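S.K.: Got a structure here, written out as structure tokens. Questions coming.
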Number of protein chains: 2
Amino acid sequence: MLAAAVTNVTLSTNQYDAVYNVLSLTIAGMGASFIALLLLRNRLPQNHRTAITLGTLVMAIADYHYVRIFNSWVAAYARSPIHGHYIGTGIPFNEAYRYVDWFLTVPLLLAELVAVLELGSKRTRPLMIKLIVASALMVALGYPGQISPVHSTARTLWAVASTVFFAYILFVLIVEINRAMAGESKRVRGLMNALRLLLLLSWGFYPIAYLLPSLVGGADGVVITQVGYSVADLIAKPVFTFLIFRLSMMKAEDEAGGVDTTSANLPSAA
Amino acid sequence: MLAAAVTNVTLSTNQYDAVYNVLSLTIAGMGASFIALLLLRNRLPQNHRTAITLGTLVMAIADYHYVRIFNSWVAAYARSPIHGHYIGTGIPFNEAYRYVDWFLTVPLLLAELVAVLELGSKRTRPLMIKLIVASALMVALGYPGQISPVHSTARTLWAVASTVFFAYILFVLIVEINRAMAGESKRVRGLMNALRLLLLLSWGFYPIAYLLPSLVGGADGVVITQVGYSVADLIAKPVFTFLIFRLSMMKAEDEAGGVDTTSANLPSAA
């Protein structure tokens with residue numbers, strides 16, 4: 001019973017609350033971002049909405065999973081009336097929710113980025129197939145490691161296998177962003193630069209959160225992993241998608257020759 | 001109470017979690033597809049939206065039922081604190097949710113396909129009546145078999161009766177798709193070909209999932225049936241409907257003579 005291992009840890013009230021409150025913050029953040037994207041989509045012309053449509057779905061899926069993760073956290077620990085610490089209830093904390101979430105949202109986030117880069121249908125299709133296959137393998141190979149005992153060889157082997165695909169995806173994305181920067185206006189290039197940096201920083205945190213329990217261990221390891229994954233998800237999903245929104249706006253404006261893009265919704269654009 | 005038979009099975013944590021996580025994934029998938037179809041419908045001209053409207057209803061109905069199935073799964077099994085396995089709580093797992101779902105969604109999915117084939121009102125009406133009657137009989141005759149004991153004669157007889165209508169529907173659909181392919185552009189024909197294949201693969205899985213408990217038996221039989229039905233539902237509903245969406249887009253574009261279909265949303269097209 002690998003998945004149950006987590007709840008053998010005893011948490012102080014502060015440790016328990018830190019995860020509890022960050023999970024709740026993430027539910028609010030994903031939900032608000034979902035609504036914001038619904039409200040903002042009309043500002044983009046029809047042919048520039050694909051990336052934002054995909055981002056909207058990401059927020060909905062992530063919000064659902066954070067509600068589930070929060071409930072699983074609450075079910076997994078109970079406050080001991082004797083010493084006031086939180087101890088495992090015997091119900092395992094379900095790590096799988098994060099992996100199911102990533103299984104669905106990582107391909108959508110990759111598609112979001114590819115959509116905004118506008119590489120043309122000929123290059124988009126094979127690129128998307130490569131990225132989706134790699135992301136499915138990355139997530140599927142990461143999960144058995146996540147639920148393996150902290151200092152086991154199995155955990156290390158799964159981690160390495162998953163990281164190969166992780167590195168491959170990141171490499172492909174950086175190369176594609178670099179390529180797509182040519183021929184764009186200066187401000188679009190500046191934003192793409194920021195996007196590249198954000199991608200490296202947020203994605204770079206996942207392997208760290210994955211490794212941390214082996215380095216820190218015990219209750220601190222559990223807290224840092226959960227808080228870390230949540231913060232990384234907030235950056236890799238909403239913050240990333242709002243940057244993509246700005247990029248879509250700028251590209252639409254550049255295309256329209258500096259004219260306000262809302263004009264594309266008017267009859268004159270037909 | 002025949003339906004209670006299922007909960008006599010003892011599941012390992014991994015077996016229980018596999019069903020639990022796939023059911024949760026399906027809730028997220030159906031929900032995200034529902035939102036996606038709502039966001040995408042504006043991209044189709046008014047007269048090409050019928051199929052997508054039907055598909056949107058299918059996602060809402062399926063999402064509702066998967067929430068119910070998930071809750072029924074959680075209620076039906078409890079983790080034994082002694083050996084850590086999951087054993088029946090005495091509350092039967094409600095197999096009827098799937099059948100009520102199919103009773104509502106199969107006619108809608110059939111109508112979705114018939115709508116996108118655009119056969120003309122004269123042929124559409126009798127075809128729809130035939131298909132709806134056959135699908136109601138298929139689902140209604142399948143359910144008594146599903147809740148019959150695994151190796152009973154009753155199960156086999158209900159299965160055979162249900163499969164007759166299943167085979168009839170599939171035969172009619174394939175014939176209609178083949179007919180409708182004539183006179184379409186090459187890329188539309190290619191997509192209809194993919195649709196035909198998807199229909200055979202996803203529908204083909206249901207009788208297999210139905211038969212599996214007789215072949216595999218025990219806990220593995222339960223897990224394979226539940227995971228199998230969920231995956232088949234994800235392919236037969238969202239994946240199928242997104243293919244139908246693409247087909248609707250292509251047909252609208254072909255009709256407009258290669259002009260971007262988004263122009264249909266502008267006043268000039270009214």
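Ligands are numbered from 1 in the order shown, chains are lettered A, B, ... in the order of the structure tokens, and residues start at 1 in each chain.
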Which of region 34-151 of chain B end up as alpha helix (DSSP H) when DSSP is run on this backbone - answer as a ChimeraX atom specification?

M.R.: /B:34-40,50-76,96-117,121-146

S.K.: With 9 Å as the limit and counting only C-alpha atoms, what residues in chain B lie close to chain A? Please list them as an MDAnalysis selection string.

M.R.: chainID B and resid 12:14 17 21:22 24:25 28:29 31:33 35:36 39:40 43 79 81 84 262:263 266:268

S.K.: How would the residues just chosen look if you wrote them out with N, CA, C and O atoms as an mmCIF file, in the first residue's frame?

M.R.:
data_model
loop_
_atom_site.group_PDB
_atom_site.id
_atom_site.type_symbol
_atom_site.label_atom_id
_atom_site.label_comp_id
_atom_site.auth_asym_id
_atom_site.auth_seq_id
_atom_site.Cartn_x
_atom_site.Cartn_y
_atom_site.Cartn_z
ATOM 1 N N SER B 12 -8.001 -4.640 -3.853
ATOM 2 C CA SER B 12 -6.770 -4.074 -3.296
ATOM 3 C C SER B 12 -6.843 -2.554 -3.420
ATOM 4 O O SER B 12 -7.676 -2.030 -4.164
ATOM 5 N N THR B 13 -5.973 -1.845 -2.692
ATOM 6 C CA THR B 13 -5.952 -0.378 -2.783
ATOM 7 C C THR B 13 -5.759 0.069 -4.234
ATOM 8 O O THR B 13 -6.441 0.980 -4.702
ATOM 9 N N ASN B 14 -4.845 -0.592 -4.942
ATOM 10 C CA ASN B 14 -4.596 -0.208 -6.328
ATOM 11 C C ASN B 14 -5.812 -0.427 -7.213
ATOM 12 O O ASN B 14 -6.100 0.384 -8.093
ATOM 13 N N ASP B 17 -8.405 2.220 -6.252
ATOM 14 C CA ASP B 17 -7.948 3.536 -6.725
ATOM 15 C C ASP B 17 -8.034 3.669 -8.238
ATOM 16 O O ASP B 17 -8.311 4.756 -8.745
ATOM 17 N N ASN B 21 -9.976 6.785 -9.585
ATOM 18 C CA ASN B 21 -9.290 7.847 -10.330
ATOM 19 C C ASN B 21 -9.779 7.969 -11.769
ATOM 20 O O ASN B 21 -9.848 9.074 -12.304
ATOM 21 N N VAL B 22 -10.136 6.838 -12.394
ATOM 22 C CA VAL B 22 -10.662 6.910 -13.757
ATOM 23 C C VAL B 22 -12.051 7.565 -13.751
ATOM 24 O O VAL B 22 -12.372 8.347 -14.648
ATOM 25 N N SER B 24 -13.048 9.836 -11.601
ATOM 26 C CA SER B 24 -12.795 11.263 -11.396
ATOM 27 C C SER B 24 -12.290 11.926 -12.674
ATOM 28 O O SER B 24 -12.717 13.024 -13.033
ATOM 29 N N LEU B 25 -11.378 11.245 -13.374
ATOM 30 C CA LEU B 25 -10.873 11.759 -14.654
ATOM 31 C C LEU B 25 -12.031 11.961 -15.631
ATOM 32 O O LEU B 25 -12.078 12.959 -16.354
ATOM 33 N N ALA B 28 -13.988 15.098 -14.843
ATOM 34 C CA ALA B 28 -13.246 16.269 -15.332
ATOM 35 C C ALA B 28 -13.331 16.369 -16.853
ATOM 36 O O ALA B 28 -13.539 17.451 -17.408
ATOM 37 N N GLY B 29 -13.181 15.224 -17.537
ATOM 38 C CA GLY B 29 -13.194 15.211 -19.004
ATOM 39 C C GLY B 29 -14.532 15.624 -19.590
ATOM 40 O O GLY B 29 -14.600 16.421 -20.534
ATOM 41 N N GLY B 31 -16.881 17.371 -18.042
ATOM 42 C CA GLY B 31 -17.125 18.762 -17.672
ATOM 43 C C GLY B 31 -16.374 19.726 -18.571
ATOM 44 O O GLY B 31 -16.938 20.712 -19.064
ATOM 45 N N ALA B 32 -15.084 19.434 -18.812
ATOM 46 C CA ALA B 32 -14.276 20.296 -19.676
ATOM 47 C C ALA B 32 -14.822 20.287 -21.105
ATOM 48 O O ALA B 32 -14.855 21.326 -21.775
ATOM 49 N N SER B 33 -15.286 19.123 -21.564
ATOM 50 C CA SER B 33 -15.831 19.035 -22.924
ATOM 51 C C SER B 33 -17.122 19.831 -23.047
ATOM 52 O O SER B 33 -17.389 20.447 -24.083
ATOM 53 N N ILE B 35 -17.836 22.578 -21.383
ATOM 54 C CA ILE B 35 -17.436 23.990 -21.488
ATOM 55 C C ILE B 35 -16.856 24.280 -22.872
ATOM 56 O O ILE B 35 -17.175 25.287 -23.500
ATOM 57 N N ALA B 36 -16.009 23.361 -23.368
ATOM 58 C CA ALA B 36 -15.384 23.560 -24.678
ATOM 59 C C ALA B 36 -16.435 23.707 -25.773
ATOM 60 O O ALA B 36 -16.338 24.593 -26.634
ATOM 61 N N LEU B 39 -18.071 27.051 -25.696
ATOM 62 C CA LEU B 39 -17.197 28.114 -26.202
ATOM 63 C C LEU B 39 -17.013 28.025 -27.719
ATOM 64 O O LEU B 39 -16.818 29.040 -28.382
ATOM 65 N N LEU B 40 -17.050 26.813 -28.252
ATOM 66 C CA LEU B 40 -16.757 26.619 -29.677
ATOM 67 C C LEU B 40 -17.967 26.837 -30.591
ATOM 68 O O LEU B 40 -17.805 27.048 -31.787
ATOM 69 N N ARG B 43 -18.278 29.413 -33.389
ATOM 70 C CA ARG B 43 -17.456 29.322 -34.597
ATOM 71 C C ARG B 43 -18.212 28.690 -35.755
ATOM 72 O O ARG B 43 -17.762 28.740 -36.897
ATOM 73 N N ARG B 79 -12.458 0.990 3.264
ATOM 74 C CA ARG B 79 -11.126 0.450 3.511
ATOM 75 C C ARG B 79 -11.114 -0.241 4.866
ATOM 76 O O ARG B 79 -11.444 0.369 5.879
ATOM 77 N N PRO B 81 -9.533 -1.308 8.111
ATOM 78 C CA PRO B 81 -8.353 -0.837 8.852
ATOM 79 C C PRO B 81 -7.413 -1.994 9.226
ATOM 80 O O PRO B 81 -6.273 -1.763 9.590
ATOM 81 N N GLY B 84 -6.177 -3.421 5.142
ATOM 82 C CA GLY B 84 -5.974 -2.349 4.168
ATOM 83 C C GLY B 84 -6.674 -2.546 2.842
ATOM 84 O O GLY B 84 -6.560 -1.712 1.955
ATOM 85 N N THR B 262 -16.271 32.143 -40.013
ATOM 86 C CA THR B 262 -16.576 33.105 -38.956
ATOM 87 C C THR B 262 -17.406 34.262 -39.504
ATOM 88 O O THR B 262 -18.103 34.927 -38.749
ATOM 89 N N SER B 263 -17.340 34.466 -40.829
ATOM 90 C CA SER B 263 -18.100 35.560 -41.429
ATOM 91 C C SER B 263 -19.601 35.355 -41.244
ATOM 92 O O SER B 263 -20.371 36.299 -41.303
ATOM 93 N N LEU B 266 -21.382 37.522 -38.761
ATOM 94 C CA LEU B 266 -21.456 38.966 -38.974
ATOM 95 C C LEU B 266 -22.803 39.345 -39.578
ATOM 96 O O LEU B 266 -23.445 38.539 -40.243
ATOM 97 N N PRO B 267 -23.224 40.567 -39.335
ATOM 98 C CA PRO B 267 -24.535 41.016 -39.820
ATOM 99 C C PRO B 267 -24.732 40.772 -41.316
ATOM 100 O O PRO B 267 -25.815 40.406 -41.744
ATOM 101 N N SER B 268 -23.670 40.927 -42.098
ATOM 102 C CA SER B 268 -23.799 40.809 -43.545
ATOM 103 C C SER B 268 -24.292 39.425 -43.965
ATOM 104 O O SER B 268 -24.856 39.260 -45.028
#

S.K.: Could you give me, as number ranges by chain, the residues within 10 Å of region 233-239 of chain B, counting only C-alpha atoms and dropping anything in the same chain fewer than 3 positions from it?

M.R.: B: 25-27, 29-34, 36-37, 55-56, 58-59, 62, 98, 102, 105-106, 109, 195, 198-203, 205-206, 227-230, 242-245

S.K.: Print the selection's residues with N, CA and C atoms to a file, as an mmCIF file, in the first residue's frame.

M.R.:
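selection_6.cif written:
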data_model
loop_
_atom_site.group_PDB
_atom_site.id
_atom_site.type_symbol
_atom_site.label_atom_id
_atom_site.label_comp_id
_atom_site.auth_asym_id
_atom_site.auth_seq_id
_atom_site.Cartn_x
_atom_site.Cartn_y
_atom_site.Cartn_z
ATOM 1 N N LEU B 25 -11.378 11.245 -13.374
ATOM 2 C CA LEU B 25 -10.873 11.759 -14.654
ATOM 3 C C LEU B 25 -12.031 11.961 -15.631
ATOM 4 N N THR B 26 -12.980 11.034 -15.634
ATOM 5 C CA THR B 26 -14.104 11.129 -16.567
ATOM 6 C C THR B 26 -15.015 12.304 -16.206
ATOM 7 N N ILE B 27 -15.213 12.552 -14.892
ATOM 8 C CA ILE B 27 -15.985 13.732 -14.473
ATOM 9 C C ILE B 27 -15.319 14.995 -15.036
ATOM 10 N N GLY B 29 -13.181 15.224 -17.537
ATOM 11 C CA GLY B 29 -13.194 15.211 -19.004
ATOM 12 C C GLY B 29 -14.532 15.624 -19.590
ATOM 13 N N MET B 30 -15.626 15.084 -19.033
ATOM 14 C CA MET B 30 -16.967 15.430 -19.528
ATOM 15 C C MET B 30 -17.268 16.908 -19.244
ATOM 16 N N GLY B 31 -16.881 17.371 -18.042
ATOM 17 C CA GLY B 31 -17.125 18.762 -17.672
ATOM 18 C C GLY B 31 -16.374 19.726 -18.571
ATOM 19 N N ALA B 32 -15.084 19.434 -18.812
ATOM 20 C CA ALA B 32 -14.276 20.296 -19.676
ATOM 21 C C ALA B 32 -14.822 20.287 -21.105
ATOM 22 N N SER B 33 -15.286 19.123 -21.564
ATOM 23 C CA SER B 33 -15.831 19.035 -22.924
ATOM 24 C C SER B 33 -17.122 19.831 -23.047
ATOM 25 N N PHE B 34 -17.920 19.803 -21.994
ATOM 26 C CA PHE B 34 -19.155 20.605 -21.962
ATOM 27 C C PHE B 34 -18.820 22.082 -22.162
ATOM 28 N N ALA B 36 -16.009 23.361 -23.368
ATOM 29 C CA ALA B 36 -15.384 23.560 -24.678
ATOM 30 C C ALA B 36 -16.435 23.707 -25.773
ATOM 31 N N LEU B 37 -17.470 22.859 -25.733
ATOM 32 C CA LEU B 37 -18.504 22.914 -26.773
ATOM 33 C C LEU B 37 -19.305 24.205 -26.693
ATOM 34 N N GLY B 55 -24.565 17.376 -28.813
ATOM 35 C CA GLY B 55 -23.344 16.919 -28.127
ATOM 36 C C GLY B 55 -23.149 17.609 -26.780
ATOM 37 N N THR B 56 -23.497 18.889 -26.712
ATOM 38 C CA THR B 56 -23.372 19.639 -25.455
ATOM 39 C C THR B 56 -24.279 19.029 -24.381
ATOM 40 N N VAL B 58 -25.248 15.919 -24.307
ATOM 41 C CA VAL B 58 -24.659 14.618 -23.947
ATOM 42 C C VAL B 58 -23.611 14.795 -22.845
ATOM 43 N N MET B 59 -22.746 15.811 -22.974
ATOM 44 C CA MET B 59 -21.677 16.031 -21.981
ATOM 45 C C MET B 59 -22.266 16.363 -20.613
ATOM 46 N N ALA B 62 -23.839 13.165 -19.148
ATOM 47 C CA ALA B 62 -22.799 12.206 -18.756
ATOM 48 C C ALA B 62 -22.043 12.696 -17.526
ATOM 49 N N ARG B 98 -25.283 3.999 -15.259
ATOM 50 C CA ARG B 98 -24.766 3.903 -16.632
ATOM 51 C C ARG B 98 -25.892 3.685 -17.625
ATOM 52 N N TRP B 102 -27.016 6.001 -20.692
ATOM 53 C CA TRP B 102 -27.064 5.548 -22.086
ATOM 54 C C TRP B 102 -28.460 5.711 -22.677
ATOM 55 N N THR B 105 -28.372 9.383 -23.489
ATOM 56 C CA THR B 105 -27.304 9.929 -24.349
ATOM 57 C C THR B 105 -27.154 9.192 -25.680
ATOM 58 N N VAL B 106 -27.466 7.884 -25.727
ATOM 59 C CA VAL B 106 -27.294 7.174 -27.003
ATOM 60 C C VAL B 106 -28.208 7.756 -28.089
ATOM 61 N N LEU B 109 -26.609 10.982 -29.179
ATOM 62 C CA LEU B 109 -25.396 10.789 -29.983
ATOM 63 C C LEU B 109 -25.760 10.336 -31.400
ATOM 64 N N LEU B 195 -14.430 8.946 -38.488
ATOM 65 C CA LEU B 195 -15.614 8.892 -37.628
ATOM 66 C C LEU B 195 -16.185 7.470 -37.605
ATOM 67 N N LEU B 198 -13.895 5.303 -35.511
ATOM 68 C CA LEU B 198 -14.051 5.639 -34.091
ATOM 69 C C LEU B 198 -15.329 5.015 -33.542
ATOM 70 N N LEU B 199 -16.385 5.061 -34.334
ATOM 71 C CA LEU B 199 -17.679 4.503 -33.946
ATOM 72 C C LEU B 199 -17.549 2.998 -33.718
ATOM 73 N N LEU B 200 -16.885 2.316 -34.625
ATOM 74 C CA LEU B 200 -16.714 0.863 -34.507
ATOM 75 C C LEU B 200 -15.858 0.515 -33.296
ATOM 76 N N LEU B 201 -14.769 1.260 -33.088
ATOM 77 C CA LEU B 201 -13.848 0.967 -31.988
ATOM 78 C C LEU B 201 -14.492 1.241 -30.632
ATOM 79 N N SER B 202 -15.118 2.423 -30.487
ATOM 80 C CA SER B 202 -15.659 2.778 -29.173
ATOM 81 C C SER B 202 -16.907 1.951 -28.857
ATOM 82 N N TRP B 203 -17.826 1.829 -29.818
ATOM 83 C CA TRP B 203 -19.026 1.023 -29.582
ATOM 84 C C TRP B 203 -18.654 -0.441 -29.399
ATOM 85 N N PHE B 205 -16.357 -1.646 -27.865
ATOM 86 C CA PHE B 205 -15.850 -1.968 -26.533
ATOM 87 C C PHE B 205 -16.955 -2.325 -25.542
ATOM 88 N N TYR B 206 -18.161 -1.771 -25.736
ATOM 89 C CA TYR B 206 -19.226 -1.996 -24.741
ATOM 90 C C TYR B 206 -19.569 -3.476 -24.556
ATOM 91 N N VAL B 227 -13.403 0.602 -15.626
ATOM 92 C CA VAL B 227 -12.422 1.400 -16.370
ATOM 93 C C VAL B 227 -12.758 1.359 -17.859
ATOM 94 N N GLY B 228 -13.131 0.176 -18.346
ATOM 95 C CA GLY B 228 -13.456 0.008 -19.767
ATOM 96 C C GLY B 228 -14.642 0.844 -20.196
ATOM 97 N N TYR B 229 -15.730 0.779 -19.427
ATOM 98 C CA TYR B 229 -16.912 1.585 -19.752
ATOM 99 C C TYR B 229 -16.563 3.084 -19.754
ATOM 100 N N SER B 230 -15.744 3.510 -18.774
ATOM 101 C CA SER B 230 -15.407 4.936 -18.677
ATOM 102 C C SER B 230 -14.597 5.391 -19.885
ATOM 103 N N PHE B 242 -16.085 15.909 -30.709
ATOM 104 C CA PHE B 242 -15.111 16.865 -31.267
ATOM 105 C C PHE B 242 -14.831 16.552 -32.735
ATOM 106 N N LEU B 243 -14.862 15.268 -33.113
ATOM 107 C CA LEU B 243 -14.744 14.917 -34.537
ATOM 108 C C LEU B 243 -15.944 15.467 -35.318
ATOM 109 N N ILE B 244 -17.130 15.339 -34.722
ATOM 110 C CA ILE B 244 -18.356 15.876 -35.348
ATOM 111 C C ILE B 244 -18.250 17.403 -35.496
ATOM 112 N N PHE B 245 -17.651 18.054 -34.486
ATOM 113 C CA PHE B 245 -17.458 19.507 -34.561
ATOM 114 C C PHE B 245 -16.567 19.861 -35.758
#

S.K.: Residues within 8 Å of Ala78 (chain A), please, as a PyMOL selection string. Count only C-alpha atoms; anything in the same chain fewer than 6 positions from it doesn't count.

M.R.: chain A and resi 86-89

S.K.: Could you write those residues out with all heavy atoms, as an mmCIF file, in the first residue's frame?

M.R.:
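What ended up in result_34.cif:
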data_model
loop_
_atom_site.group_PDB
_atom_site.id
_atom_site.type_symbol
_atom_site.label_atom_id
_atom_site.label_comp_id
_atom_site.auth_asym_id
_atom_site.auth_seq_id
_atom_site.Cartn_x
_atom_site.Cartn_y
_atom_site.Cartn_z
ATOM 1 N N TYR A 86 -1.870 16.974 14.047
ATOM 2 C CA TYR A 86 -2.692 16.287 13.057
ATOM 3 C C TYR A 86 -2.060 14.947 12.720
ATOM 4 O O TYR A 86 -0.873 14.894 12.370
ATOM 5 C CB TYR A 86 -2.845 17.146 11.800
ATOM 6 C CG TYR A 86 -3.881 18.241 11.988
ATOM 7 C CD1 TYR A 86 -3.541 19.440 12.621
ATOM 8 C CD2 TYR A 86 -5.187 18.061 11.562
ATOM 9 C CE1 TYR A 86 -4.490 20.433 12.808
ATOM 10 C CE2 TYR A 86 -6.140 19.055 11.745
ATOM 11 C CZ TYR A 86 -5.786 20.234 12.370
ATOM 12 O OH TYR A 86 -6.728 21.199 12.555
ATOM 13 N N ILE A 87 -2.860 13.897 12.847
ATOM 14 C CA ILE A 87 -2.359 12.564 12.523
ATOM 15 C C ILE A 87 -3.232 11.927 11.462
ATOM 16 O O ILE A 87 -4.377 12.336 11.235
ATOM 17 C CB ILE A 87 -2.315 11.660 13.782
ATOM 18 C CG1 ILE A 87 -3.688 11.676 14.484
ATOM 19 C CG2 ILE A 87 -1.220 12.110 14.741
ATOM 20 C CD1 ILE A 87 -3.816 10.651 15.594
ATOM 21 N N GLY A 88 -2.679 10.912 10.768
ATOM 22 C CA GLY A 88 -3.396 10.244 9.686
ATOM 23 C C GLY A 88 -4.663 9.564 10.183
ATOM 24 O O GLY A 88 -4.674 8.966 11.257
ATOM 25 N N THR A 89 -5.748 9.671 9.379
ATOM 26 C CA THR A 89 -7.018 9.034 9.744
ATOM 27 C C THR A 89 -7.062 7.590 9.249
ATOM 28 O O THR A 89 -7.970 6.851 9.595
ATOM 29 C CB THR A 89 -8.196 9.770 9.081
ATOM 30 O OG1 THR A 89 -7.954 9.807 7.668
ATOM 31 C CG2 THR A 89 -8.349 11.171 9.621
#

S.K.: Extract, using only C-alpha atoms, all DNA, RNA and protein residues at most 8 Å from Ala140 (chain A), discarding same-chain residues fewer than 3 positions from it, and format them as an NGL selection string.

M.R.: :A and (99 or 103 or 136-137 or 143-144 or 162)

S.K.: What is the CA of Trp73 (chain A) to CA of Tyr20 (chain A) distance in Å?

M.R.: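 That distance, rounded to one decimal, is 7.3 Å.
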
S.K.: In Å, how far is it from CA of Phe93 (chain B) to CA of Val164 (chain B)?

M.R.: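 For CA of Phe93 (chain B) relative to CA of Val164 (chain B), the distance reads 27.3 Å.
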